[in-house]
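**Q** This is the content of start_32.txt (compact mmCIF, N, CA and C atoms):
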# COMPACT_ATOMS: atom_id res chain seq x y z
N MET Y 1 119.84 195.48 102.54
CA MET Y 1 119.74 195.60 101.11
C MET Y 1 121.13 195.74 100.50
N ALA Y 2 121.27 195.16 99.34
CA ALA Y 2 122.51 195.28 98.57
C ALA Y 2 122.16 195.91 97.23
N GLY Y 3 123.17 196.24 96.45
CA GLY Y 3 122.94 196.87 95.16
C GLY Y 3 122.61 198.34 95.34
N GLY Y 4 121.92 198.91 94.36
CA GLY Y 4 121.52 200.30 94.44
C GLY Y 4 122.64 201.28 94.17
N PHE Y 5 123.61 200.90 93.35
CA PHE Y 5 124.74 201.77 93.07
C PHE Y 5 124.93 201.92 91.56
N PRO Y 6 125.60 203.01 91.13
CA PRO Y 6 125.85 203.18 89.70
C PRO Y 6 126.95 202.24 89.23
N VAL Y 7 126.80 201.78 88.00
CA VAL Y 7 127.80 200.92 87.36
C VAL Y 7 128.13 201.52 86.00
N PHE Y 8 129.42 201.54 85.69
CA PHE Y 8 129.91 202.07 84.42
C PHE Y 8 130.70 200.97 83.73
N ARG Y 9 130.29 200.64 82.51
CA ARG Y 9 131.00 199.63 81.73
C ARG Y 9 131.53 200.27 80.45
N LEU Y 10 132.81 200.13 80.24
CA LEU Y 10 133.47 200.66 79.05
C LEU Y 10 133.77 199.50 78.10
N TYR Y 11 133.26 199.62 76.87
CA TYR Y 11 133.46 198.59 75.86
C TYR Y 11 134.23 199.17 74.68
N CYS Y 12 134.82 198.26 73.90
CA CYS Y 12 135.55 198.62 72.69
C CYS Y 12 135.15 197.65 71.58
N ASN Y 13 135.04 198.15 70.35
CA ASN Y 13 134.77 197.24 69.24
C ASN Y 13 136.06 196.96 68.47
N SER Y 14 135.98 196.16 67.43
CA SER Y 14 137.19 195.75 66.70
C SER Y 14 137.86 196.91 65.95
N GLU Y 15 137.11 197.99 65.72
CA GLU Y 15 137.70 199.16 65.05
C GLU Y 15 138.37 200.11 66.05
N GLY Y 16 138.27 199.80 67.35
CA GLY Y 16 138.87 200.66 68.36
C GLY Y 16 137.96 201.76 68.88
N SER Y 17 136.68 201.75 68.48
CA SER Y 17 135.72 202.72 69.00
C SER Y 17 135.23 202.25 70.37
N HIS Y 18 134.94 203.22 71.24
CA HIS Y 18 134.53 202.90 72.61
C HIS Y 18 133.12 203.38 72.89
N VAL Y 19 132.46 202.67 73.78
CA VAL Y 19 131.14 203.05 74.27
C VAL Y 19 131.11 202.83 75.78
N LEU Y 20 130.57 203.82 76.49
CA LEU Y 20 130.46 203.76 77.95
C LEU Y 20 128.99 203.63 78.30
N CYS Y 21 128.64 202.58 79.02
CA CYS Y 21 127.27 202.37 79.48
C CYS Y 21 127.16 202.74 80.95
N CYS Y 22 126.18 203.58 81.26
CA CYS Y 22 125.94 204.03 82.63
C CYS Y 22 124.58 203.49 83.06
N ALA Y 23 124.55 202.69 84.09
CA ALA Y 23 123.30 202.08 84.56
C ALA Y 23 123.35 201.95 86.07
N HIS Y 24 122.19 201.70 86.65
CA HIS Y 24 122.08 201.58 88.10
C HIS Y 24 121.84 200.10 88.43
N PHE Y 25 122.71 199.52 89.25
CA PHE Y 25 122.52 198.13 89.66
C PHE Y 25 121.34 198.08 90.63
N PRO Y 26 120.33 197.26 90.35
CA PRO Y 26 119.13 197.25 91.19
C PRO Y 26 119.41 196.77 92.62
N GLU Y 27 118.60 197.26 93.52
CA GLU Y 27 118.69 196.79 94.91
C GLU Y 27 118.09 195.39 95.00
N PHE Y 28 118.63 194.60 95.91
CA PHE Y 28 118.10 193.27 96.20
C PHE Y 28 118.37 193.00 97.67
N SER Y 29 117.70 192.02 98.23
CA SER Y 29 117.78 191.81 99.69
C SER Y 29 119.16 191.34 100.15
N GLY Y 30 119.86 190.63 99.28
CA GLY Y 30 121.18 190.12 99.66
C GLY Y 30 121.13 188.92 100.58
N SER Y 31 119.95 188.36 100.75
CA SER Y 31 119.82 187.24 101.69
C SER Y 31 120.20 185.89 101.10
N ASN Y 32 120.28 185.81 99.76
CA ASN Y 32 120.73 184.54 99.19
C ASN Y 32 121.41 184.76 97.84
N ALA Y 33 122.26 183.84 97.51
CA ALA Y 33 123.08 183.95 96.30
C ALA Y 33 122.23 183.88 95.04
N ASP Y 34 121.13 183.11 95.06
CA ASP Y 34 120.28 183.00 93.88
C ASP Y 34 119.70 184.35 93.49
N GLU Y 35 119.29 185.12 94.49
CA GLU Y 35 118.72 186.44 94.21
C GLU Y 35 119.77 187.37 93.61
N GLU Y 36 120.98 187.31 94.14
CA GLU Y 36 122.06 188.14 93.60
C GLU Y 36 122.37 187.74 92.16
N PHE Y 37 122.42 186.45 91.89
CA PHE Y 37 122.69 185.95 90.54
C PHE Y 37 121.60 186.40 89.57
N THR Y 38 120.34 186.29 89.99
CA THR Y 38 119.21 186.70 89.15
C THR Y 38 119.25 188.19 88.89
N THR Y 39 119.59 188.98 89.91
CA THR Y 39 119.69 190.43 89.75
C THR Y 39 120.81 190.77 88.79
N GLN Y 40 121.94 190.08 88.90
CA GLN Y 40 123.07 190.32 87.99
C GLN Y 40 122.67 190.01 86.55
N GLN Y 41 121.97 188.90 86.34
CA GLN Y 41 121.53 188.54 84.99
C GLN Y 41 120.58 189.60 84.43
N SER Y 42 119.67 190.07 85.25
CA SER Y 42 118.72 191.10 84.83
C SER Y 42 119.46 192.39 84.46
N PHE Y 43 120.45 192.75 85.26
CA PHE Y 43 121.26 193.95 84.98
C PHE Y 43 122.00 193.78 83.65
N ASP Y 44 122.63 192.64 83.45
CA ASP Y 44 123.36 192.37 82.21
C ASP Y 44 122.45 192.48 80.99
N ARG Y 45 121.24 191.96 81.10
CA ARG Y 45 120.27 192.05 79.99
C ARG Y 45 119.89 193.50 79.73
N ALA Y 46 119.73 194.30 80.78
CA ALA Y 46 119.38 195.71 80.62
C ALA Y 46 120.50 196.47 79.90
N VAL Y 47 121.75 196.16 80.22
CA VAL Y 47 122.87 196.81 79.54
C VAL Y 47 122.91 196.38 78.07
N GLU Y 48 122.69 195.10 77.81
CA GLU Y 48 122.67 194.62 76.42
C GLU Y 48 121.56 195.30 75.63
N LYS Y 49 120.40 195.49 76.25
CA LYS Y 49 119.28 196.17 75.59
C LYS Y 49 119.65 197.61 75.28
N MET Y 50 120.29 198.29 76.22
CA MET Y 50 120.72 199.67 76.01
C MET Y 50 121.66 199.75 74.81
N LEU Y 51 122.60 198.82 74.73
CA LEU Y 51 123.55 198.80 73.62
C LEU Y 51 122.82 198.57 72.29
N ARG Y 52 121.93 197.60 72.25
CA ARG Y 52 121.21 197.29 71.01
C ARG Y 52 120.36 198.47 70.55
N GLU Y 53 119.69 199.14 71.51
CA GLU Y 53 118.85 200.29 71.16
C GLU Y 53 119.68 201.43 70.57
N ALA Y 54 120.95 201.46 70.87
CA ALA Y 54 121.85 202.48 70.31
C ALA Y 54 122.63 201.94 69.11
N SER Y 55 122.19 200.80 68.57
CA SER Y 55 122.78 200.17 67.38
C SER Y 55 124.18 199.60 67.61
N PHE Y 56 124.46 199.16 68.83
CA PHE Y 56 125.70 198.43 69.12
C PHE Y 56 125.32 196.98 69.39
N GLU Y 57 125.96 196.06 68.71
CA GLU Y 57 125.70 194.64 68.95
C GLU Y 57 126.64 194.16 70.05
N PRO Y 58 126.07 193.77 71.21
CA PRO Y 58 126.91 193.37 72.35
C PRO Y 58 127.92 192.28 72.04
N THR Y 59 127.58 191.36 71.14
CA THR Y 59 128.50 190.26 70.85
C THR Y 59 129.74 190.71 70.09
N THR Y 60 129.71 191.93 69.54
CA THR Y 60 130.86 192.45 68.80
C THR Y 60 131.74 193.35 69.67
N LEU Y 61 131.37 193.52 70.93
CA LEU Y 61 132.10 194.40 71.83
C LEU Y 61 132.92 193.61 72.84
N THR Y 62 134.03 194.21 73.25
CA THR Y 62 134.88 193.64 74.29
C THR Y 62 134.82 194.55 75.50
N LEU Y 63 134.62 193.98 76.67
CA LEU Y 63 134.61 194.77 77.89
C LEU Y 63 136.04 195.21 78.20
N VAL Y 64 136.25 196.52 78.25
CA VAL Y 64 137.55 197.08 78.63
C VAL Y 64 137.65 197.08 80.14
N GLY Y 65 136.56 197.54 80.80
CA GLY Y 65 136.57 197.59 82.25
C GLY Y 65 135.24 198.05 82.81
N GLU Y 66 135.10 197.87 84.11
CA GLU Y 66 133.88 198.23 84.83
C GLU Y 66 134.23 198.90 86.14
N GLN Y 67 133.46 199.94 86.46
CA GLN Y 67 133.55 200.56 87.78
C GLN Y 67 132.18 200.49 88.42
N GLN Y 68 132.15 200.02 89.66
CA GLN Y 68 130.94 200.01 90.45
C GLN Y 68 131.09 201.10 91.51
N GLY Y 69 130.16 202.04 91.52
CA GLY Y 69 130.24 203.15 92.46
C GLY Y 69 130.53 204.45 91.73
N TYR Y 70 130.79 205.48 92.51
CA TYR Y 70 130.90 206.83 91.95
C TYR Y 70 132.25 207.08 91.30
N PRO Y 71 132.22 207.68 90.09
CA PRO Y 71 133.45 207.92 89.32
C PRO Y 71 134.14 209.21 89.74
N VAL Y 72 135.24 209.48 89.07
CA VAL Y 72 135.95 210.75 89.23
C VAL Y 72 135.13 211.82 88.51
N GLY Y 73 134.93 212.95 89.15
CA GLY Y 73 134.18 214.04 88.53
C GLY Y 73 132.68 213.81 88.59
N ALA Y 74 131.94 214.83 88.18
CA ALA Y 74 130.48 214.77 88.28
C ALA Y 74 129.78 214.82 86.92
N HIS Y 75 130.54 214.85 85.82
CA HIS Y 75 129.92 214.98 84.49
C HIS Y 75 128.93 213.86 84.19
N LEU Y 76 129.17 212.69 84.72
CA LEU Y 76 128.27 211.57 84.43
C LEU Y 76 126.96 211.66 85.21
N PHE Y 77 126.84 212.68 86.06
CA PHE Y 77 125.61 212.90 86.80
C PHE Y 77 124.98 214.24 86.49
N ASP Y 78 125.47 214.91 85.43
CA ASP Y 78 124.85 216.16 85.01
C ASP Y 78 123.41 215.88 84.61
N ALA Y 79 122.58 216.92 84.69
CA ALA Y 79 121.17 216.77 84.29
C ALA Y 79 121.06 216.25 82.87
N THR Y 80 121.95 216.72 82.01
CA THR Y 80 122.04 216.21 80.64
C THR Y 80 123.45 215.68 80.44
N VAL Y 81 123.59 214.37 80.47
CA VAL Y 81 124.90 213.75 80.29
C VAL Y 81 125.30 213.87 78.82
N PRO Y 82 126.55 214.30 78.56
CA PRO Y 82 126.99 214.40 77.17
C PRO Y 82 126.89 213.04 76.46
N ARG Y 83 126.59 213.04 75.19
CA ARG Y 83 126.46 211.79 74.43
C ARG Y 83 127.80 211.29 73.92
N THR Y 84 128.80 212.13 73.97
CA THR Y 84 130.16 211.72 73.64
C THR Y 84 131.10 212.44 74.60
N GLY Y 85 132.26 211.88 74.78
CA GLY Y 85 133.23 212.53 75.65
C GLY Y 85 134.51 211.72 75.72
N SER Y 86 135.43 212.24 76.48
CA SER Y 86 136.70 211.55 76.69
C SER Y 86 136.64 210.80 78.03
N VAL Y 87 136.70 209.48 77.95
CA VAL Y 87 136.69 208.66 79.14
C VAL Y 87 138.13 208.38 79.55
N SER Y 88 138.48 208.82 80.75
CA SER Y 88 139.81 208.54 81.29
C SER Y 88 139.66 207.43 82.32
N PHE Y 89 140.56 206.44 82.24
CA PHE Y 89 140.44 205.33 83.17
C PHE Y 89 141.81 204.77 83.53
N ALA Y 90 141.84 204.19 84.72
CA ALA Y 90 143.03 203.48 85.20
C ALA Y 90 142.54 202.16 85.79
N PHE Y 91 143.28 201.11 85.55
CA PHE Y 91 142.91 199.83 86.13
C PHE Y 91 143.14 199.85 87.63
N GLN Y 92 142.33 199.09 88.34
CA GLN Y 92 142.50 198.95 89.78
C GLN Y 92 143.57 197.90 90.06
N GLU Y 93 144.13 197.95 91.26
CA GLU Y 93 145.13 196.96 91.66
C GLU Y 93 144.62 195.54 91.50
N ALA Y 94 143.30 195.35 91.65
CA ALA Y 94 142.70 194.03 91.50
C ALA Y 94 142.83 193.51 90.07
N GLY Y 95 143.13 194.41 89.13
CA GLY Y 95 143.32 194.01 87.74
C GLY Y 95 142.03 194.04 86.94
N PRO Y 96 142.16 193.80 85.62
CA PRO Y 96 140.99 193.82 84.75
C PRO Y 96 139.95 192.80 85.22
N PRO Y 97 138.67 193.13 85.10
CA PRO Y 97 138.12 194.26 84.36
C PRO Y 97 137.89 195.51 85.23
N TRP Y 98 138.41 195.55 86.42
CA TRP Y 98 138.08 196.63 87.35
C TRP Y 98 138.87 197.90 87.06
N ILE Y 99 138.13 199.00 86.85
CA ILE Y 99 138.74 200.29 86.54
C ILE Y 99 138.15 201.38 87.43
N VAL Y 100 138.83 202.51 87.44
CA VAL Y 100 138.30 203.76 87.99
C VAL Y 100 138.28 204.71 86.81
N LEU Y 101 137.16 205.44 86.62
CA LEU Y 101 137.04 206.27 85.43
C LEU Y 101 136.43 207.62 85.73
N GLY Y 102 136.58 208.49 84.77
CA GLY Y 102 135.97 209.81 84.81
C GLY Y 102 135.70 210.25 83.38
N LEU Y 103 134.76 211.18 83.23
CA LEU Y 103 134.41 211.70 81.91
C LEU Y 103 134.87 213.14 81.80
N ASP Y 104 135.61 213.42 80.74
CA ASP Y 104 136.09 214.77 80.45
C ASP Y 104 136.84 215.40 81.63
N VAL Y 105 137.78 214.64 82.18
CA VAL Y 105 138.63 215.16 83.25
C VAL Y 105 140.09 215.06 82.80
N SER Y 106 140.87 216.06 83.19
CA SER Y 106 142.30 216.04 82.87
C SER Y 106 143.00 215.00 83.74
N SER Y 107 144.19 214.63 83.35
CA SER Y 107 144.99 213.70 84.14
C SER Y 107 145.24 214.26 85.54
N GLU Y 108 145.56 215.55 85.59
CA GLU Y 108 145.82 216.20 86.89
C GLU Y 108 144.58 216.14 87.79
N LYS Y 109 143.42 216.47 87.24
CA LYS Y 109 142.18 216.44 88.03
C LYS Y 109 141.85 215.00 88.45
N PHE Y 110 142.06 214.05 87.56
CA PHE Y 110 141.76 212.65 87.85
C PHE Y 110 142.53 212.20 89.09
N TRP Y 111 143.85 212.35 89.05
CA TRP Y 111 144.67 211.86 90.16
C TRP Y 111 144.48 212.70 91.42
N SER Y 112 144.24 214.00 91.26
CA SER Y 112 144.00 214.87 92.41
C SER Y 112 142.72 214.46 93.14
N GLU Y 113 141.66 214.20 92.38
CA GLU Y 113 140.40 213.80 93.02
C GLU Y 113 140.54 212.44 93.70
N ILE Y 114 141.28 211.54 93.11
CA ILE Y 114 141.49 210.24 93.74
C ILE Y 114 142.22 210.41 95.06
N ASP Y 115 143.25 211.25 95.06
CA ASP Y 115 144.01 211.49 96.31
C ASP Y 115 143.14 212.10 97.40
N GLU Y 116 142.10 212.85 97.01
CA GLU Y 116 141.25 213.54 97.98
C GLU Y 116 140.01 212.74 98.37
N ASP Y 117 139.73 211.63 97.70
CA ASP Y 117 138.50 210.87 97.95
C ASP Y 117 138.87 209.47 98.43
N GLU Y 118 138.60 209.20 99.70
CA GLU Y 118 139.02 207.91 100.27
C GLU Y 118 138.34 206.71 99.60
N ASP Y 119 137.11 206.89 99.12
CA ASP Y 119 136.43 205.78 98.43
C ASP Y 119 137.12 205.45 97.11
N LEU Y 120 137.45 206.49 96.34
CA LEU Y 120 138.16 206.26 95.07
C LEU Y 120 139.56 205.72 95.32
N LEU Y 121 140.23 206.27 96.32
CA LEU Y 121 141.59 205.83 96.65
C LEU Y 121 141.59 204.36 97.07
N ALA Y 122 140.54 203.95 97.80
CA ALA Y 122 140.44 202.56 98.27
C ALA Y 122 140.30 201.57 97.11
N LEU Y 123 139.86 202.04 95.96
CA LEU Y 123 139.75 201.15 94.80
C LEU Y 123 141.12 200.77 94.24
N GLY Y 124 142.14 201.53 94.62
CA GLY Y 124 143.51 201.19 94.22
C GLY Y 124 143.82 201.40 92.76
N PRO Y 125 143.44 202.55 92.18
CA PRO Y 125 143.80 202.78 90.77
C PRO Y 125 145.31 202.92 90.62
N ILE Y 126 145.82 202.37 89.52
CA ILE Y 126 147.26 202.43 89.26
C ILE Y 126 147.52 203.04 87.89
N SER Y 127 148.66 203.70 87.76
CA SER Y 127 149.07 204.28 86.48
C SER Y 127 149.34 203.13 85.50
N PRO Y 128 149.19 203.37 84.23
CA PRO Y 128 148.96 204.65 83.58
C PRO Y 128 147.48 204.97 83.45
N LEU Y 129 147.18 206.24 83.24
CA LEU Y 129 145.84 206.70 82.93
C LEU Y 129 145.69 206.66 81.42
N THR Y 130 144.59 206.09 80.95
CA THR Y 130 144.30 206.01 79.53
C THR Y 130 143.06 206.85 79.25
N SER Y 131 143.08 207.61 78.17
CA SER Y 131 141.91 208.40 77.77
C SER Y 131 141.50 208.01 76.36
N VAL Y 132 140.20 207.77 76.18
CA VAL Y 132 139.67 207.38 74.88
C VAL Y 132 138.38 208.14 74.60
N PRO Y 133 138.16 208.52 73.33
CA PRO Y 133 136.86 209.10 73.00
C PRO Y 133 135.81 207.99 73.04
N ALA Y 134 134.62 208.34 73.53
CA ALA Y 134 133.59 207.31 73.65
C ALA Y 134 132.19 207.90 73.46
N VAL Y 135 131.31 207.07 72.97
CA VAL Y 135 129.88 207.35 72.99
C VAL Y 135 129.42 207.02 74.42
N VAL Y 136 128.55 207.86 74.98
CA VAL Y 136 128.08 207.64 76.34
C VAL Y 136 126.59 207.30 76.28
N LEU Y 137 126.23 206.14 76.83
CA LEU Y 137 124.84 205.70 76.88
C LEU Y 137 124.39 205.64 78.34
N THR Y 138 123.15 206.04 78.58
CA THR Y 138 122.60 205.99 79.93
C THR Y 138 121.23 205.32 79.90
N THR Y 139 120.88 204.71 81.00
CA THR Y 139 119.55 204.12 81.12
C THR Y 139 118.51 205.22 81.29
N THR Y 140 117.27 204.88 81.03
CA THR Y 140 116.16 205.81 81.24
C THR Y 140 116.14 206.22 82.71
N GLY Y 141 115.96 207.50 82.95
CA GLY Y 141 115.89 207.99 84.32
C GLY Y 141 117.24 208.26 84.96
N TRP Y 142 118.30 208.22 84.16
CA TRP Y 142 119.65 208.48 84.68
C TRP Y 142 119.83 209.98 84.79
N PRO Y 143 120.46 210.51 85.80
CA PRO Y 143 120.84 209.83 87.04
C PRO Y 143 119.66 209.75 87.99
N GLN Y 144 119.76 208.82 88.93
CA GLN Y 144 118.70 208.68 89.93
C GLN Y 144 118.90 209.72 91.02
N ARG Y 145 117.83 210.08 91.69
CA ARG Y 145 117.87 211.11 92.73
C ARG Y 145 118.91 210.79 93.80
N ASN Y 146 118.98 209.53 94.25
CA ASN Y 146 119.94 209.20 95.31
C ASN Y 146 121.39 209.32 94.82
N ASP Y 147 121.61 209.21 93.49
CA ASP Y 147 122.96 209.45 92.96
C ASP Y 147 123.35 210.90 93.17
N LEU Y 148 122.43 211.79 92.88
CA LEU Y 148 122.70 213.22 93.01
C LEU Y 148 122.91 213.60 94.46
N ASP Y 149 122.17 212.98 95.37
CA ASP Y 149 122.32 213.27 96.80
C ASP Y 149 123.66 212.82 97.33
N SER Y 150 124.26 211.82 96.68
CA SER Y 150 125.53 211.25 97.16
C SER Y 150 126.75 212.01 96.67
N LEU Y 151 126.57 212.92 95.72
CA LEU Y 151 127.72 213.65 95.18
C LEU Y 151 128.23 214.69 96.14
As structure tokens, how would this structure be written, given the file I've shared?

**A**
Amino acid sequence: MAGGFPVFRLYCNSEGSHVLCCAHFPEFSGSNADEEFTTQQSFDRAVEKMLREASFEPTTLTLVGEQQGYPVGAHLFDATVPRTGSVSFAFQEAGPPWIVLGLDVSSEKFWSEIDEDEDLLALGPISPLTSVPAVVLTTTGWPQRNDLDSL
């Protein structure tokens, strides 16, 4: 099986406001490319629906970056995720759109946790760290039980 991991997408509108979408990429067998493509399309539609339901028009937003997997800190997996917060992010060595992010974490905590977590370190985040205020949106049922078990 492939998929089954959290995905975080940070968007910006023309006024400079940010929105962070938190969703779970569905599991799929991984046995063929068509299934992966279909799953990706379904995921993209679910994120667009989440944005529209919160009165954000996806066509007016620009993707700042995306992180697949667990972020810095645990605030995004709290029982009640804050609806607004400061999103700190650094681009990965692979370049845009790939980022490593955390919610409501100081610069010191961000880099310290990366140094202590081999999975985050392997993503290759590079300075500078950018922090922006953002609206935080989550899918229904967020976080999933297996997310909490993995923390």

**Q** Using all atoms listed in the file and a cutoff of 6.5 Å, can you tell me which residues are near (140.9, 203.0, 90.6) in the file's coordinates, and write them out as a PyMOL selection string?

**A** chain Y and resi 90-93+99-101+120+123-126

**Q** Would you mind exporting the chosen residues as a CSV table (one decimal), in the coordinates of the input, restricted to N, CA and C atoms?

**A**
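Generated file (selection-v6.csv):
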chain,number,residue,atom,x,y,z
Y,90,ALA,N,141.8,204.2,84.7
Y,90,ALA,CA,143.0,203.5,85.2
Y,90,ALA,C,142.5,202.2,85.8
Y,91,PHE,N,143.3,201.1,85.6
Y,91,PHE,CA,142.9,199.8,86.1
Y,91,PHE,C,143.1,199.8,87.6
Y,92,GLN,N,142.3,199.1,88.3
Y,92,GLN,CA,142.5,199.0,89.8
Y,92,GLN,C,143.6,197.9,90.1
Y,93,GLU,N,144.1,198.0,91.3
Y,93,GLU,CA,145.1,197.0,91.7
Y,93,GLU,C,144.6,195.5,91.5
Y,99,ILE,N,138.1,199.0,86.8
Y,99,ILE,CA,138.7,200.3,86.5
Y,99,ILE,C,138.2,201.4,87.4
Y,100,VAL,N,138.8,202.5,87.4
Y,100,VAL,CA,138.3,203.8,88.0
Y,100,VAL,C,138.3,204.7,86.8
Y,101,LEU,N,137.2,205.4,86.6
Y,101,LEU,CA,137.0,206.3,85.4
Y,101,LEU,C,136.4,207.6,85.7
Y,120,LEU,N,137.4,206.5,96.3
Y,120,LEU,CA,138.2,206.3,95.1
Y,120,LEU,C,139.6,205.7,95.3
Y,123,LEU,N,139.9,202.0,96.0
Y,123,LEU,CA,139.8,201.2,94.8
Y,123,LEU,C,141.1,200.8,94.2
Y,124,GLY,N,142.1,201.5,94.6
Y,124,GLY,CA,143.5,201.2,94.2
Y,124,GLY,C,143.8,201.4,92.8
Y,125,PRO,N,143.4,202.6,92.2
Y,125,PRO,CA,143.8,202.8,90.8
Y,125,PRO,C,145.3,202.9,90.6
Y,126,ILE,N,145.8,202.4,89.5
Y,126,ILE,CA,147.3,202.4,89.3
Y,126,ILE,C,147.5,203.0,87.9

**Q** Choose the residue, out of Y:Val81, Y:Ala23, Y:Leu103, Y:Leu129, that has the smallest atom-to-atom separation from Lys49 (chain Y); count only C-alpha atoms.

**A** Y:Ala23

**Q** When distances are computed from all atoms listed in the file, which of Y:Cys22, Y:Leu10, Y:Leu51, Y:Val64 shows the smallest separation from Pro96 (chain Y)?

**A** Y:Val64

**Q** Taking only chain Y into account, list the residues labelled strand (DSSP E) by DSSP (computed from the backbone), as a ChimeraX atom specification.

**A** /Y:5-12,18-25,62-68,84-91,99-103,130-138

**Q** Tell me, in Å to one decimal, how far CA of Thr60 (chain Y) is from CA of Thr39 (chain Y).

**A** 23.8 Å

**Q** Just the number, please: distance in Å from atom C of Asn13 (chain Y) to CA of Phe43 (chain Y), one decimal.

**A**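 CA of Phe43 (chain Y) lies at a distance of 22.4 Å from atom C of Asn13 (chain Y).
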
**Q** Within region 4-127 of chain Y, find each residue whose DSSP state, derived from the backbone, is alpha helix (DSSP H), and express the selection as a compact mmCIF listing (two decimals) with N, CA and C atoms, in the coordinates of the input.

**A**
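Contents of states_20.txt, as written:
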# COMPACT_ATOMS: atom_id res chain seq x y z
N ALA Y 33 122.26 183.84 97.51
CA ALA Y 33 123.08 183.95 96.30
C ALA Y 33 122.23 183.88 95.04
N ASP Y 34 121.13 183.11 95.06
CA ASP Y 34 120.28 183.00 93.88
C ASP Y 34 119.70 184.35 93.49
N GLU Y 35 119.29 185.12 94.49
CA GLU Y 35 118.72 186.44 94.21
C GLU Y 35 119.77 187.37 93.61
N GLU Y 36 120.98 187.31 94.14
CA GLU Y 36 122.06 188.14 93.60
C GLU Y 36 122.37 187.74 92.16
N PHE Y 37 122.42 186.45 91.89
CA PHE Y 37 122.69 185.95 90.54
C PHE Y 37 121.60 186.40 89.57
N THR Y 38 120.34 186.29 89.99
CA THR Y 38 119.21 186.70 89.15
C THR Y 38 119.25 188.19 88.89
N THR Y 39 119.59 188.98 89.91
CA THR Y 39 119.69 190.43 89.75
C THR Y 39 120.81 190.77 88.79
N GLN Y 40 121.94 190.08 88.90
CA GLN Y 40 123.07 190.32 87.99
C GLN Y 40 122.67 190.01 86.55
N GLN Y 41 121.97 188.90 86.34
CA GLN Y 41 121.53 188.54 84.99
C GLN Y 41 120.58 189.60 84.43
N SER Y 42 119.67 190.07 85.25
CA SER Y 42 118.72 191.10 84.83
C SER Y 42 119.46 192.39 84.46
N PHE Y 43 120.45 192.75 85.26
CA PHE Y 43 121.26 193.95 84.98
C PHE Y 43 122.00 193.78 83.65
N ASP Y 44 122.63 192.64 83.45
CA ASP Y 44 123.36 192.37 82.21
C ASP Y 44 122.45 192.48 80.99
N ARG Y 45 121.24 191.96 81.10
CA ARG Y 45 120.27 192.05 79.99
C ARG Y 45 119.89 193.50 79.73
N ALA Y 46 119.73 194.30 80.78
CA ALA Y 46 119.38 195.71 80.62
C ALA Y 46 120.50 196.47 79.90
N VAL Y 47 121.75 196.16 80.22
CA VAL Y 47 122.87 196.81 79.54
C VAL Y 47 122.91 196.38 78.07
N GLU Y 48 122.69 195.10 77.81
CA GLU Y 48 122.67 194.62 76.42
C GLU Y 48 121.56 195.30 75.63
N LYS Y 49 120.40 195.49 76.25
CA LYS Y 49 119.28 196.17 75.59
C LYS Y 49 119.65 197.61 75.28
N MET Y 50 120.29 198.29 76.22
CA MET Y 50 120.72 199.67 76.01
C MET Y 50 121.66 199.75 74.81
N LEU Y 51 122.60 198.82 74.73
CA LEU Y 51 123.55 198.80 73.62
C LEU Y 51 122.82 198.57 72.29
N ARG Y 52 121.93 197.60 72.25
CA ARG Y 52 121.21 197.29 71.01
C ARG Y 52 120.36 198.47 70.55
N GLU Y 53 119.69 199.14 71.51
CA GLU Y 53 118.85 200.29 71.16
C GLU Y 53 119.68 201.43 70.57
N SER Y 107 144.19 214.63 83.35
CA SER Y 107 144.99 213.70 84.14
C SER Y 107 145.24 214.26 85.54
N GLU Y 108 145.56 215.55 85.59
CA GLU Y 108 145.82 216.20 86.89
C GLU Y 108 144.58 216.14 87.79
N LYS Y 109 143.42 216.47 87.24
CA LYS Y 109 142.18 216.44 88.03
C LYS Y 109 141.85 215.00 88.45
N PHE Y 110 142.06 214.05 87.56
CA PHE Y 110 141.76 212.65 87.85
C PHE Y 110 142.53 212.20 89.09
N TRP Y 111 143.85 212.35 89.05
CA TRP Y 111 144.67 211.86 90.16
C TRP Y 111 144.48 212.70 91.42
N SER Y 112 144.24 214.00 91.26
CA SER Y 112 144.00 214.87 92.41
C SER Y 112 142.72 214.46 93.14
N GLU Y 113 141.66 214.20 92.38
CA GLU Y 113 140.40 213.80 93.02
C GLU Y 113 140.54 212.44 93.70
N ILE Y 114 141.28 211.54 93.11
CA ILE Y 114 141.49 210.24 93.74
C ILE Y 114 142.22 210.41 95.06
N ASP Y 115 143.25 211.25 95.06
CA ASP Y 115 144.01 211.49 96.31
C ASP Y 115 143.14 212.10 97.40
N GLU Y 116 142.10 212.85 97.01
CA GLU Y 116 141.25 213.54 97.98
C GLU Y 116 140.01 212.74 98.37
N GLU Y 118 138.60 209.20 99.70
CA GLU Y 118 139.02 207.91 100.27
C GLU Y 118 138.34 206.71 99.60
N ASP Y 119 137.11 206.89 99.12
CA ASP Y 119 136.43 205.78 98.43
C ASP Y 119 137.12 205.45 97.11
N LEU Y 120 137.45 206.49 96.34
CA LEU Y 120 138.16 206.26 95.07
C LEU Y 120 139.56 205.72 95.32
N LEU Y 121 140.23 206.27 96.32
CA LEU Y 121 141.59 205.83 96.65
C LEU Y 121 141.59 204.36 97.07
N ALA Y 122 140.54 203.95 97.80
CA ALA Y 122 140.44 202.56 98.27
C ALA Y 122 140.30 201.57 97.11

**Q** Using all atoms listed in the file, can you tell me which of Y:Gln68, Y:Ser112, Y:Glu118, Y:Val135 comes closest to Thr84 (chain Y)?

**A**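 Closest candidate: Y:Val135.
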
**Q** Which value, in Å to one decimal, gives the distance between CA of Ser86 (chain Y) and CA of Gln40 (chain Y)?

**A**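 Atom-to-atom, CA of Ser86 (chain Y) to CA of Gln40 (chain Y), that is 27.6 Å.
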
**Q** Would you mind listing what lies within 8 Å of Thr80 (chain Y) as a list in words, with only N, CA and C atoms counted and same-chain residues fewer than 4 positions away left out?

**A**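 My list of contacting residues is His75, Leu76, Trp142 and Pro143 of chain Y.
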